[in-house]
$ cat query-v3.cif   # mmCIF, C-alpha atoms and all ligand atoms
data_upload
loop_
_atom_site.group_PDB
_atom_site.id
_atom_site.type_symbol
_atom_site.label_atom_id
_atom_site.label_comp_id
_atom_site.auth_asym_id
_atom_site.auth_seq_id
_atom_site.Cartn_x
_atom_site.Cartn_y
_atom_site.Cartn_z
ATOM 1 C CA MET X 1 116.863 -86.035 -76.644
ATOM 2 C CA SER X 2 117.181 -86.282 -72.892
ATOM 3 C CA ALA X 3 113.817 -88.048 -72.909
ATOM 4 C CA SER X 4 115.306 -90.716 -75.134
ATOM 5 C CA ASP X 5 118.227 -91.085 -72.750
ATOM 6 C CA LYS X 6 115.766 -91.805 -69.965
ATOM 7 C CA ASP X 7 114.282 -94.554 -72.090
ATOM 8 C CA GLY X 8 117.559 -96.336 -71.701
ATOM 9 C CA ARG X 9 118.914 -96.009 -75.234
ATOM 10 C CA ALA X 10 122.570 -96.831 -75.571
ATOM 11 C CA THR X 11 125.078 -94.011 -75.470
ATOM 12 C CA GLY X 12 126.005 -92.989 -78.966
ATOM 13 C CA GLY X 13 122.733 -94.356 -80.279
ATOM 14 C CA PRO X 14 119.991 -92.388 -81.960
ATOM 15 C CA ALA X 15 119.597 -90.065 -78.999
ATOM 16 C CA GLY X 16 123.133 -88.845 -79.621
ATOM 17 C CA GLY X 17 122.323 -87.609 -83.103
ATOM 18 C CA PRO X 18 121.106 -84.193 -84.158
ATOM 19 C CA ALA X 19 117.396 -83.417 -84.111
ATOM 20 C CA ILE X 20 115.784 -83.241 -87.540
ATOM 21 C CA ALA X 21 113.712 -80.112 -88.111
ATOM 22 C CA ASN X 22 113.305 -80.466 -91.874
ATOM 23 C CA LEU X 23 114.417 -82.405 -94.936
ATOM 24 C CA THR X 24 117.543 -80.269 -95.242
ATOM 25 C CA ASP X 25 118.729 -81.477 -91.859
ATOM 26 C CA LEU X 26 117.936 -85.084 -92.716
ATOM 27 C CA PHE X 27 119.905 -84.877 -95.958
ATOM 28 C CA ALA X 28 122.781 -83.209 -94.123
ATOM 29 C CA VAL X 29 122.924 -85.864 -91.391
ATOM 30 C CA ALA X 30 122.567 -88.684 -93.918
ATOM 31 C CA TRP X 31 125.348 -87.158 -96.017
ATOM 32 C CA GLN X 32 127.582 -86.946 -92.948
ATOM 33 C CA ILE X 33 126.822 -90.538 -91.950
ATOM 34 C CA GLU X 34 127.765 -91.766 -95.423
ATOM 35 C CA ALA X 35 130.894 -89.617 -95.558
ATOM 36 C CA ASP X 36 131.897 -90.986 -92.158
ATOM 37 C CA ALA X 37 131.240 -94.550 -93.318
ATOM 38 C CA VAL X 38 133.470 -94.054 -96.367
ATOM 39 C CA GLU X 39 136.368 -92.994 -94.124
ATOM 40 C CA ARG X 40 135.733 -95.820 -91.671
ATOM 41 C CA TYR X 41 135.664 -98.481 -94.401
ATOM 42 C CA LYS X 42 138.833 -97.128 -96.001
ATOM 43 C CA LEU X 43 140.611 -97.378 -92.641
ATOM 44 C CA LEU X 44 139.245 -100.868 -92.035
ATOM 45 C CA ALA X 45 140.345 -101.946 -95.522
ATOM 46 C CA GLU X 46 143.858 -100.694 -94.750
ATOM 47 C CA GLN X 47 143.812 -102.639 -91.484
ATOM 48 C CA MET X 48 142.805 -105.823 -93.273
ATOM 49 C CA GLU X 49 145.508 -105.291 -95.887
ATOM 50 C CA THR X 50 147.984 -105.106 -93.005
ATOM 51 C CA PHE X 51 146.596 -108.434 -91.799
ATOM 52 C CA ASN X 52 146.813 -109.888 -95.298
ATOM 53 C CA ASN X 53 143.081 -110.537 -95.293
ATOM 54 C CA ALA X 54 142.379 -109.894 -98.955
ATOM 55 C CA GLU X 55 138.740 -110.930 -98.754
ATOM 56 C CA LEU X 56 137.772 -108.455 -96.036
ATOM 57 C CA ALA X 57 139.986 -105.731 -97.510
ATOM 58 C CA TYR X 58 138.074 -106.176 -100.765
ATOM 59 C CA ILE X 59 134.706 -106.159 -98.997
ATOM 60 C CA PHE X 60 135.560 -103.006 -97.046
ATOM 61 C CA ARG X 61 136.831 -101.240 -100.172
ATOM 62 C CA ASP X 62 133.602 -102.239 -101.887
ATOM 63 C CA LEU X 63 131.564 -100.896 -98.983
ATOM 64 C CA ALA X 64 133.569 -97.657 -98.994
ATOM 65 C CA ARG X 65 132.745 -97.301 -102.686
ATOM 66 C CA ALA X 66 129.048 -98.109 -102.127
ATOM 67 C CA GLU X 67 128.735 -95.624 -99.250
ATOM 68 C CA GLY X 68 130.540 -93.030 -101.379
ATOM 69 C CA ILE X 69 128.037 -93.502 -104.202
ATOM 70 C CA HIS X 70 125.187 -93.161 -101.719
ATOM 71 C CA ARG X 71 126.769 -90.046 -100.206
ATOM 72 C CA ASP X 72 126.921 -88.443 -103.663
ATOM 73 C CA GLU X 73 123.331 -89.519 -104.416
ATOM 74 C CA ILE X 74 122.187 -87.773 -101.251
ATOM 75 C CA GLN X 75 123.970 -84.630 -102.374
ATOM 76 C CA ARG X 76 122.175 -84.849 -105.737
ATOM 77 C CA MET X 77 118.793 -85.516 -104.098
ATOM 78 C CA ALA X 78 119.307 -82.463 -101.918
ATOM 79 C CA GLY X 79 119.471 -80.341 -105.076
ATOM 80 C CA ASP X 80 120.261 -76.731 -104.282
ATOM 81 C CA ILE X 81 120.722 -77.446 -100.598
ATOM 82 C CA ASP X 82 124.375 -77.319 -99.571
ATOM 83 C CA VAL X 83 124.375 -80.496 -97.486
ATOM 84 C CA VAL X 84 128.096 -80.300 -96.764
ATOM 85 C CA ALA X 85 127.794 -76.801 -95.293
ATOM 86 C CA ARG X 86 124.642 -77.781 -93.396
ATOM 87 C CA ALA X 87 126.330 -80.898 -91.998
ATOM 88 C CA ARG X 88 129.080 -78.696 -90.557
ATOM 89 C CA GLU X 89 126.485 -76.448 -88.909
ATOM 90 C CA LEU X 90 124.654 -79.269 -87.172
ATOM 91 C CA PRO X 91 125.010 -78.672 -83.450
ATOM 92 C CA GLU X 92 125.471 -82.200 -82.133
ATOM 93 C CA TRP X 93 126.926 -85.542 -83.056
ATOM 94 C CA ARG X 94 130.172 -84.418 -84.598
ATOM 95 C CA MET X 95 130.865 -87.481 -86.682
ATOM 96 C CA GLY X 96 134.571 -86.798 -86.919
ATOM 97 C CA GLU X 97 134.812 -87.258 -83.169
ATOM 98 C CA SER X 98 132.560 -90.288 -83.049
ATOM 99 C CA PRO X 99 133.347 -93.052 -80.558
ATOM 100 C CA GLU X 100 133.855 -95.520 -83.405
ATOM 101 C CA LYS X 101 136.651 -93.440 -84.856
ATOM 102 C CA ALA X 102 138.371 -93.064 -81.506
ATOM 103 C CA ASP X 103 138.135 -96.821 -80.991
ATOM 104 C CA LEU X 104 139.525 -97.419 -84.430
ATOM 105 C CA GLY X 105 142.697 -95.515 -83.592
ATOM 106 C CA GLU X 106 143.148 -97.148 -80.217
ATOM 107 C CA ALA X 107 142.403 -100.666 -81.381
ATOM 108 C CA HIS X 108 144.801 -100.309 -84.311
ATOM 109 C CA TYR X 109 147.503 -102.621 -83.026
ATOM 110 C CA LEU X 110 145.222 -105.538 -82.147
ATOM 111 C CA MET X 111 142.767 -105.370 -85.011
ATOM 112 C CA THR X 112 141.640 -108.732 -86.301
ATOM 113 C CA PRO X 113 138.928 -109.404 -88.910
ATOM 114 C CA TRP X 114 136.486 -109.894 -86.049
ATOM 115 C CA HIS X 115 137.442 -106.544 -84.504
ATOM 116 C CA ALA X 116 137.201 -104.807 -87.862
ATOM 117 C CA LEU X 117 133.735 -106.252 -88.395
ATOM 118 C CA GLN X 118 132.701 -105.150 -84.901
ATOM 119 C CA MET X 119 133.741 -101.596 -85.803
ATOM 120 C CA ALA X 120 131.851 -101.807 -89.074
ATOM 121 C CA LEU X 121 128.781 -103.220 -87.326
ATOM 122 C CA ALA X 122 128.859 -100.514 -84.647
ATOM 123 C CA GLY X 123 128.854 -97.803 -87.304
ATOM 124 C CA GLU X 124 126.059 -99.412 -89.313
ATOM 125 C CA GLU X 125 123.923 -100.104 -86.242
ATOM 126 C CA ARG X 126 124.300 -96.547 -85.064
ATOM 127 C CA ALA X 127 123.259 -95.216 -88.464
ATOM 128 C CA LEU X 128 120.309 -97.641 -88.597
ATOM 129 C CA GLY X 129 119.240 -96.757 -85.058
ATOM 130 C CA TYR X 130 119.428 -93.089 -85.840
ATOM 131 C CA PHE X 131 117.230 -93.274 -88.938
ATOM 132 C CA GLN X 132 114.765 -95.555 -87.146
ATOM 133 C CA HIS X 133 114.621 -92.990 -84.367
ATOM 134 C CA VAL X 134 113.810 -90.278 -86.912
ATOM 135 C CA VAL X 135 111.105 -92.474 -88.496
ATOM 136 C CA ALA X 136 109.550 -93.116 -85.082
ATOM 137 C CA THR X 137 109.612 -89.528 -83.878
ATOM 138 C CA THR X 138 109.013 -87.212 -86.842
ATOM 139 C CA ASP X 139 105.592 -85.700 -87.598
ATOM 140 C CA ASP X 140 106.544 -84.960 -91.193
ATOM 141 C CA PRO X 141 105.572 -87.722 -93.677
ATOM 142 C CA LYS X 142 108.260 -86.610 -96.153
ATOM 143 C CA ILE X 143 110.967 -86.879 -93.523
ATOM 144 C CA ARG X 144 109.543 -90.222 -92.369
ATOM 145 C CA ASP X 145 109.563 -91.695 -95.897
ATOM 146 C CA MET X 146 113.082 -90.520 -96.633
ATOM 147 C CA ALA X 147 114.415 -91.663 -93.262
ATOM 148 C CA GLN X 148 112.728 -95.031 -93.857
ATOM 149 C CA GLU X 149 114.637 -95.396 -97.122
ATOM 150 C CA PHE X 150 117.901 -94.563 -95.398
ATOM 151 C CA ALA X 151 117.080 -97.011 -92.590
ATOM 152 C CA GLU X 152 116.443 -99.831 -95.078
ATOM 153 C CA GLU X 153 119.808 -99.236 -96.705
ATOM 154 C CA GLU X 154 121.567 -99.317 -93.330
ATOM 155 C CA ALA X 155 119.647 -102.457 -92.325
ATOM 156 C CA GLU X 156 121.175 -104.201 -95.352
ATOM 157 C CA HIS X 157 124.643 -103.150 -94.207
ATOM 158 C CA VAL X 158 123.951 -104.382 -90.661
ATOM 159 C CA ALA X 159 122.817 -107.736 -92.092
ATOM 160 C CA LEU X 160 125.962 -107.938 -94.218
ATOM 161 C CA CYS X 161 128.155 -107.358 -91.138
ATOM 162 C CA HIS X 162 126.298 -110.103 -89.270
ATOM 163 C CA ARG X 163 126.766 -112.508 -92.186
ATOM 164 C CA LEU X 164 130.483 -111.745 -92.304
ATOM 165 C CA LEU X 165 130.817 -112.154 -88.528
ATOM 166 C CA LYS X 166 129.574 -115.730 -88.880
ATOM 167 C CA LYS X 167 132.520 -116.329 -91.147
ATOM 168 C CA TYR X 168 134.984 -114.477 -88.903
ATOM 169 C CA PRO X 169 134.094 -115.357 -85.299
ATOM 170 C CA ALA X 170 135.727 -113.786 -82.246
ATOM 171 C CA PRO X 171 139.366 -114.843 -81.913
ATOM 172 C CA GLN X 172 140.622 -116.759 -78.892
ATOM 173 C CA THR X 173 141.695 -114.050 -76.454
ATOM 174 C CA GLU X 174 145.215 -115.421 -75.939
ATOM 175 C CA ALA X 175 145.817 -115.936 -79.627
ATOM 176 C CA TRP X 176 145.297 -112.378 -80.756
ATOM 177 C CA ALA X 177 146.624 -110.788 -77.552
ATOM 178 C CA GLU X 178 149.964 -112.559 -78.040
ATOM 179 C CA ASP X 179 150.227 -111.458 -81.631
ATOM 180 C CA ALA X 180 149.118 -107.953 -80.816
ATOM 181 C CA ASP X 181 152.056 -107.230 -78.505
ATOM 182 C CA PRO X 182 150.142 -104.669 -76.431
ATOM 183 C CA PRO X 183 152.312 -101.909 -74.956
ATOM 184 C CA VAL X 184 151.015 -102.423 -71.394
ATOM 185 C CA PRO X 185 150.110 -106.067 -70.671
ATOM 186 C CA LEU X 186 147.378 -106.263 -68.034
ATOM 187 C CA GLU X 187 148.585 -109.003 -65.752
HETATM 188 ZN ZN ZN O 201 125.824 -98.132 -94.144
#
$ encode --input "query-v3.cif" --output "structure tokens"
Amino acid sequence: MSASDKDGRATGGPAGGPAIANLTDLFAVAWQIEADAVERYKLLAEQMETFNNAELAYIFRDLARAEGIHRDEIQRMAGDIDVVARARELPEWRMGESPEKADLGEAHYLMTPWHALQMALAGEERALGYFQHVVATTDDPKIRDMAQEFAEEEAEHVALCHRLLKKYPAPQTEAWAEDADPPVPLE
């Protein structure tokens, strides 16, 4: 993993994820990524409800549902493997403490649709980058094929975020900063 860091990969990118020794680990990480995505999209949907953005709230709820279905599919695919227990054992990349989640809490008071989509995109890109990293580095064809499937799914989510960002461009800085009423204005 330190080798990847030297290649200049972004912090929190694929190099930050757990190494995959076997299919069990891959299922466990994929399960955790989906479970994390469900929580993130639920939070983002709540944010958009606060902003009275029904369209994005609906989209995020839909994504939360889709990621939840995928999470449960992964659990089924894993069969007898206890992916939830294995996910907890994984030594690195504690998803509950992921940078995206920390940002989500801090950005709470100034969240706009654009910000919400940036959070969504960051999560999807990280997941995509991680699976692509597994595809590129594993010697096991079974792991490669499965990781490739996961990567394709995440690529669709990344594309969706990009499409939505075209519809919800970055707000004018002054406009959302005024509304946001930040506790410590930086002036
Ligand atoms: Zn996704």
$ closest_atom_pairs --input "query-v3.cif" --of "chain X" --to "ligand ZN 201 (chain O)" --cutoff "7 Å" --atoms "all atoms listed in the file" --output "tab-separated table"
residue	atom	partner	partner_atom	distance
X:Glu34	CA	O:ZN201	ZN	6.8
X:Ala37	CA	O:ZN201	ZN	6.5
X:Glu67	CA	O:ZN201	ZN	6.4
X:Glu124	CA	O:ZN201	ZN	5.0
X:Ala127	CA	O:ZN201	ZN	6.9
X:Glu153	CA	O:ZN201	ZN	6.6
X:Glu154	CA	O:ZN201	ZN	4.5
X:His157	CA	O:ZN201	ZN	5.2
$ closest_residue --input "query-v3.cif" --among "X:Arg144, X:Ala116, X:Phe150, X:Leu90" --to "X:Gly129" --atoms "all atoms listed in the file"
X:Phe150
$ closest_residue --input "query-v3.cif" --among "X:Pro141, X:Gly123, X:Pro113, X:Gly79" --to "X:Tyr168" --atoms "only C-alpha atoms"
X:Pro113
$ atom_distance --input "query-v3.cif" --atom1 "atom CA of X:Leu165" --atom2 "atom CA of X:Leu117"
6.6 Å
$ residues_around --input "query-v3.cif" --residues "X:Gln75" --least-positions-apart "4" --cutoff "8 Å" --atoms "only C-alpha atoms" --output "list in words"
Phe27, Trp31, Arg71, Gly79, Asp82 and Val83 of chain X
$ decode --input "query-v3.cif" --residues "stretch 28-145 of chain X" --atoms "C-alpha atoms" --output "PDB file, in the first residue's frame"
ATOM      1  CA  ALA X  28     -16.556  -8.039   3.125  1.00  0.00           C
ATOM      2  CA  VAL X  29     -15.106  -4.781   1.779  1.00  0.00           C
ATOM      3  CA  ALA X  30     -17.794  -4.529  -0.901  1.00  0.00           C
ATOM      4  CA  TRP X  31     -20.476  -5.130   1.729  1.00  0.00           C
ATOM      5  CA  GLN X  32     -18.988  -2.394   3.908  1.00  0.00           C
ATOM      6  CA  ILE X  33     -18.781   0.039   0.991  1.00  0.00           C
ATOM      7  CA  GLU X  34     -22.450  -0.536   0.174  1.00  0.00           C
ATOM      8  CA  ALA X  35     -23.512  -0.288   3.812  1.00  0.00           C
ATOM      9  CA  ASP X  36     -21.579   2.974   4.081  1.00  0.00           C
ATOM     10  CA  ALA X  37     -23.196   4.279   0.893  1.00  0.00           C
ATOM     11  CA  VAL X  38     -26.675   3.525   2.254  1.00  0.00           C
ATOM     12  CA  GLU X  39     -25.962   5.633   5.353  1.00  0.00           C
ATOM     13  CA  ARG X  40     -24.406   8.427   3.310  1.00  0.00           C
ATOM     14  CA  TYR X  41     -27.358   8.625   0.906  1.00  0.00           C
ATOM     15  CA  LYS X  42     -29.867   8.614   3.758  1.00  0.00           C
ATOM     16  CA  LEU X  43     -28.042  11.556   5.347  1.00  0.00           C
ATOM     17  CA  LEU X  44     -27.832  13.382   2.025  1.00  0.00           C
ATOM     18  CA  ALA X  45     -31.549  12.790   1.419  1.00  0.00           C
ATOM     19  CA  GLU X  46     -32.299  14.313   4.829  1.00  0.00           C
ATOM     20  CA  GLN X  47     -30.119  17.301   3.951  1.00  0.00           C
ATOM     21  CA  MET X  48     -31.978  17.832   0.692  1.00  0.00           C
ATOM     22  CA  GLU X  49     -35.320  17.548   2.472  1.00  0.00           C
ATOM     23  CA  THR X  50     -34.114  20.332   4.767  1.00  0.00           C
ATOM     24  CA  PHE X  51     -33.353  22.367   1.646  1.00  0.00           C
ATOM     25  CA  ASN X  52     -36.748  21.529   0.169  1.00  0.00           C
ATOM     26  CA  ASN X  53     -35.082  19.918  -2.827  1.00  0.00           C
ATOM     27  CA  ALA X  54     -37.578  17.146  -3.454  1.00  0.00           C
ATOM     28  CA  GLU X  55     -35.904  15.941  -6.633  1.00  0.00           C
ATOM     29  CA  LEU X  56     -32.501  15.293  -5.067  1.00  0.00           C
ATOM     30  CA  ALA X  57     -34.057  13.951  -1.862  1.00  0.00           C
ATOM     31  CA  TYR X  58     -35.921  11.439  -4.020  1.00  0.00           C
ATOM     32  CA  ILE X  59     -32.796  10.552  -6.001  1.00  0.00           C
ATOM     33  CA  PHE X  60     -30.737  10.045  -2.842  1.00  0.00           C
ATOM     34  CA  ARG X  61     -33.456   7.913  -1.236  1.00  0.00           C
ATOM     35  CA  ASP X  62     -33.554   5.873  -4.429  1.00  0.00           C
ATOM     36  CA  LEU X  63     -29.782   5.470  -4.369  1.00  0.00           C
ATOM     37  CA  ALA X  64     -29.886   4.475  -0.693  1.00  0.00           C
ATOM     38  CA  ARG X  65     -32.427   1.803  -1.613  1.00  0.00           C
ATOM     39  CA  ALA X  66     -30.365   0.614  -4.608  1.00  0.00           C
ATOM     40  CA  GLU X  67     -27.150   0.402  -2.564  1.00  0.00           C
ATOM     41  CA  GLY X  68     -29.081  -1.432   0.161  1.00  0.00           C
ATOM     42  CA  ILE X  69     -30.305  -4.016  -2.347  1.00  0.00           C
ATOM     43  CA  HIS X  70     -26.757  -4.444  -3.623  1.00  0.00           C
ATOM     44  CA  ARG X  71     -25.429  -4.766  -0.069  1.00  0.00           C
ATOM     45  CA  ASP X  72     -27.913  -7.580   0.603  1.00  0.00           C
ATOM     46  CA  GLU X  73     -27.060  -9.249  -2.729  1.00  0.00           C
ATOM     47  CA  ILE X  74     -23.403  -9.282  -1.730  1.00  0.00           C
ATOM     48  CA  GLN X  75     -24.341 -10.937   1.541  1.00  0.00           C
ATOM     49  CA  ARG X  76     -26.290 -13.590  -0.395  1.00  0.00           C
ATOM     50  CA  MET X  77     -23.454 -14.115  -2.895  1.00  0.00           C
ATOM     51  CA  ALA X  78     -21.066 -14.619   0.000  1.00  0.00           C
ATOM     52  CA  GLY X  79     -23.166 -17.599   1.103  1.00  0.00           C
ATOM     53  CA  ASP X  80     -21.904 -19.059   4.353  1.00  0.00           C
ATOM     54  CA  ILE X  81     -19.290 -16.358   4.768  1.00  0.00           C
ATOM     55  CA  ASP X  82     -20.210 -13.899   7.511  1.00  0.00           C
ATOM     56  CA  VAL X  83     -19.367 -10.732   5.587  1.00  0.00           C
ATOM     57  CA  VAL X  84     -20.553  -8.444   8.373  1.00  0.00           C
ATOM     58  CA  ALA X  85     -18.225 -10.061  10.915  1.00  0.00           C
ATOM     59  CA  ARG X  86     -15.375 -10.121   8.391  1.00  0.00           C
ATOM     60  CA  ALA X  87     -15.916  -6.446   7.541  1.00  0.00           C
ATOM     61  CA  ARG X  88     -15.476  -5.586  11.224  1.00  0.00           C
ATOM     62  CA  GLU X  89     -12.216  -7.551  11.343  1.00  0.00           C
ATOM     63  CA  LEU X  90     -10.659  -5.797   8.372  1.00  0.00           C
ATOM     64  CA  PRO X  91      -7.600  -3.976   9.662  1.00  0.00           C
ATOM     65  CA  GLU X  92      -7.715  -0.748   7.672  1.00  0.00           C
ATOM     66  CA  TRP X  93     -10.116   1.691   6.116  1.00  0.00           C
ATOM     67  CA  ARG X  94     -12.679   1.902   8.866  1.00  0.00           C
ATOM     68  CA  MET X  95     -15.586   3.120   6.799  1.00  0.00           C
ATOM     69  CA  GLY X  96     -17.421   4.569   9.765  1.00  0.00           C
ATOM     70  CA  GLU X  97     -14.575   7.021  10.224  1.00  0.00           C
ATOM     71  CA  SER X  98     -14.200   7.807   6.549  1.00  0.00           C
ATOM     72  CA  PRO X  99     -13.297  11.356   5.522  1.00  0.00           C
ATOM     73  CA  GLU X 100     -16.578  11.679   3.628  1.00  0.00           C
ATOM     74  CA  LYS X 101     -18.579  11.079   6.772  1.00  0.00           C
ATOM     75  CA  ALA X 102     -16.561  13.582   8.766  1.00  0.00           C
ATOM     76  CA  ASP X 103     -17.058  16.146   6.006  1.00  0.00           C
ATOM     77  CA  LEU X 104     -20.745  15.428   5.948  1.00  0.00           C
ATOM     78  CA  GLY X 105     -21.092  16.383   9.603  1.00  0.00           C
ATOM     79  CA  GLU X 106     -18.982  19.500   9.305  1.00  0.00           C
ATOM     80  CA  ALA X 107     -20.546  20.725   6.089  1.00  0.00           C
ATOM     81  CA  HIS X 108     -24.048  20.217   7.484  1.00  0.00           C
ATOM     82  CA  TYR X 109     -24.959  23.865   7.880  1.00  0.00           C
ATOM     83  CA  LEU X 110     -23.914  24.974   4.392  1.00  0.00           C
ATOM     84  CA  MET X 111     -25.019  21.984   2.368  1.00  0.00           C
ATOM     85  CA  THR X 112     -26.455  22.833  -1.016  1.00  0.00           C
ATOM     86  CA  PRO X 113     -27.455  20.380  -3.773  1.00  0.00           C
ATOM     87  CA  TRP X 114     -24.025  20.913  -5.305  1.00  0.00           C
ATOM     88  CA  HIS X 115     -22.298  20.116  -2.002  1.00  0.00           C
ATOM     89  CA  ALA X 116     -24.469  17.056  -1.484  1.00  0.00           C
ATOM     90  CA  LEU X 117     -23.599  15.811  -4.959  1.00  0.00           C
ATOM     91  CA  GLN X 118     -19.901  16.429  -4.291  1.00  0.00           C
ATOM     92  CA  MET X 119     -20.177  14.224  -1.194  1.00  0.00           C
ATOM     93  CA  ALA X 120     -22.001  11.564  -3.173  1.00  0.00           C
ATOM     94  CA  LEU X 121     -19.435  11.747  -5.976  1.00  0.00           C
ATOM     95  CA  ALA X 122     -16.516  11.499  -3.542  1.00  0.00           C
ATOM     96  CA  GLY X 123     -17.958   8.320  -2.050  1.00  0.00           C
ATOM     97  CA  GLU X 124     -18.680   6.748  -5.432  1.00  0.00           C
ATOM     98  CA  GLU X 125     -15.284   7.690  -6.866  1.00  0.00           C
ATOM     99  CA  ARG X 126     -13.516   6.247  -3.870  1.00  0.00           C
ATOM    100  CA  ALA X 127     -15.439   2.989  -4.192  1.00  0.00           C
ATOM    101  CA  LEU X 128     -14.764   2.871  -7.951  1.00  0.00           C
ATOM    102  CA  GLY X 129     -11.073   3.634  -7.455  1.00  0.00           C
ATOM    103  CA  TYR X 130     -10.798   0.957  -4.835  1.00  0.00           C
ATOM    104  CA  PHE X 131     -12.320  -1.793  -6.976  1.00  0.00           C
ATOM    105  CA  GLN X 132     -10.256  -0.700  -9.982  1.00  0.00           C
ATOM    106  CA  HIS X 133      -7.184  -0.924  -7.782  1.00  0.00           C
ATOM    107  CA  VAL X 134      -8.134  -4.483  -6.818  1.00  0.00           C
ATOM    108  CA  VAL X 135      -8.713  -5.398 -10.489  1.00  0.00           C
ATOM    109  CA  ALA X 136      -5.307  -3.987 -11.435  1.00  0.00           C
ATOM    110  CA  THR X 137      -3.353  -5.608  -8.626  1.00  0.00           C
ATOM    111  CA  THR X 138      -4.863  -9.022  -7.872  1.00  0.00           C
ATOM    112  CA  ASP X 139      -3.382 -12.262  -9.239  1.00  0.00           C
ATOM    113  CA  ASP X 140      -6.612 -14.161  -8.662  1.00  0.00           C
ATOM    114  CA  PRO X 141      -8.945 -14.258 -11.711  1.00  0.00           C
ATOM    115  CA  LYS X 142     -12.007 -14.848  -9.504  1.00  0.00           C
ATOM    116  CA  ILE X 143     -11.246 -11.782  -7.420  1.00  0.00           C
ATOM    117  CA  ARG X 144     -10.515  -9.786 -10.585  1.00  0.00           C
ATOM    118  CA  ASP X 145     -13.842 -10.735 -12.213  1.00  0.00           C
TER     119      ASP X 145
END
